[in-house]
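Data block below; observations after.
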Amino acid sequence: MRKRSISVLVRLNEREHAHLASQVQKSGLSQEAYLRSLINGYVPKPLPPSDYFAMMRQLHAIGNNLNQLAVKAHTTGHLDRVAFQQEADQLRRAVQHIQQAVTSPERIAEPNFTNPEAHPP
């Protein structure tokens, strides 16, 4: 049995429907989930870049390795400086890679001058 038994019909014009479809696609949610979020006062964020989850797994693995080194250092009273430095360097590279992936501008496609509706910059 469904938890939501009330159905609502909303009529949109072409422009509104196109905008809604675009926003839903960017969010990765279903249309219903997107609208429910808006009703509840939340604007869904766009999906993260495709390599976001791989980058997060990499950060978690590095964090786990650093934590294991810290536990070993606490237990033995000795820090393996070489292993720690390798993990710290890997963390630094991963953070730089994430910053580049998130903040670097992306090249746009060449303008389509054959489209009469396209506006010049």
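To be explicit about the labels: the chains of the structure tokens are called A, B, and onward in the order shown, and within each one the residues are counted from 1, while ligands get numbers from 1 in the order they are shown.
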Using DSSP assignments from the backbone, pull out every residue in chain A that falls under helix (DSSP H, G or I) and give it to me as a PyMOL selection string.
chain A and resi 14-27+31-39+52-76+81-103
Distance query segment 31-45 of chain A at most 8 Å, only C-alpha atoms, self and fewer than 5 positions along chain excluded, as JSON, numbers by chain
{"A": [21, 24, 26]}
Could you write out the selected residues, including all heavy atoms, as an mmCIF file, in the first residue's frame?
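Written out: result.cif:
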data_model
loop_
_atom_site.group_PDB
_atom_site.id
_atom_site.type_symbol
_atom_site.label_atom_id
_atom_site.label_comp_id
_atom_site.auth_asym_id
_atom_site.auth_seq_id
_atom_site.Cartn_x
_atom_site.Cartn_y
_atom_site.Cartn_z
ATOM 1 N N ALA A 21 11.137 19.785 -16.281
ATOM 2 C CA ALA A 21 11.828 18.581 -16.756
ATOM 3 C C ALA A 21 13.344 18.760 -16.680
ATOM 4 O O ALA A 21 14.068 17.833 -16.288
ATOM 5 C CB ALA A 21 11.402 18.256 -18.189
ATOM 6 N N VAL A 24 14.386 18.582 -12.956
ATOM 7 C CA VAL A 24 14.261 17.200 -12.475
ATOM 8 C C VAL A 24 15.435 16.369 -12.974
ATOM 9 O O VAL A 24 16.055 15.619 -12.217
ATOM 10 C CB VAL A 24 12.914 16.593 -12.929
ATOM 11 C CG1 VAL A 24 12.902 15.088 -12.761
ATOM 12 C CG2 VAL A 24 11.767 17.236 -12.163
ATOM 13 N N LYS A 26 18.438 17.401 -13.878
ATOM 14 C CA LYS A 26 19.669 17.827 -13.210
ATOM 15 C C LYS A 26 19.776 17.251 -11.805
ATOM 16 O O LYS A 26 20.864 16.953 -11.339
ATOM 17 C CB LYS A 26 19.739 19.354 -13.130
ATOM 18 C CG LYS A 26 20.000 20.030 -14.441
ATOM 19 C CD LYS A 26 19.977 21.541 -14.280
ATOM 20 C CE LYS A 26 20.087 22.245 -15.603
ATOM 21 N NZ LYS A 26 19.963 23.707 -15.451
#
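Counting only C-alpha atoms and comparing A:Leu59, A:Gly28, A:Lys3, A:Asp51, the residue that lies closest to Arg93 of chain A is A:Leu59.
Interatomic distance, atom CA of Ala101 of chain A to atom CA of Leu20 of chain A: 27.0 Å.
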Provide the atom CA of Val82 of chain A to atom CA of Leu66 of chain A distance in Å, to one decimal place.
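So the answer is 12.0 Å.
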By how many Å are atom CA of Leu79 of chain A and atom CA of Leu91 of chain A apart?
17.7 Å
Pick from A:Gln90, A:Gln99, A:Gln25, A:Ser5: nearest to Gln58 of chain A, with only C-alpha atoms counted?
A:Gln90
Counting only C-alpha atoms, figure out which residue out of A:Gln100, A:Ala94, A:His74, A:Glu16 gets nearest to Arg57 of chain A.
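For Arg57 of chain A, the nearest of the candidates is A:Ala94.
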Go through A:Leu29, A:Ile98, A:Val71, A:Ala18 one by one, measure the shortest atom-to-atom distance of each to Met56 of chain A using only C-alpha atoms, and give the residue with the smallest value.
A:Ile98
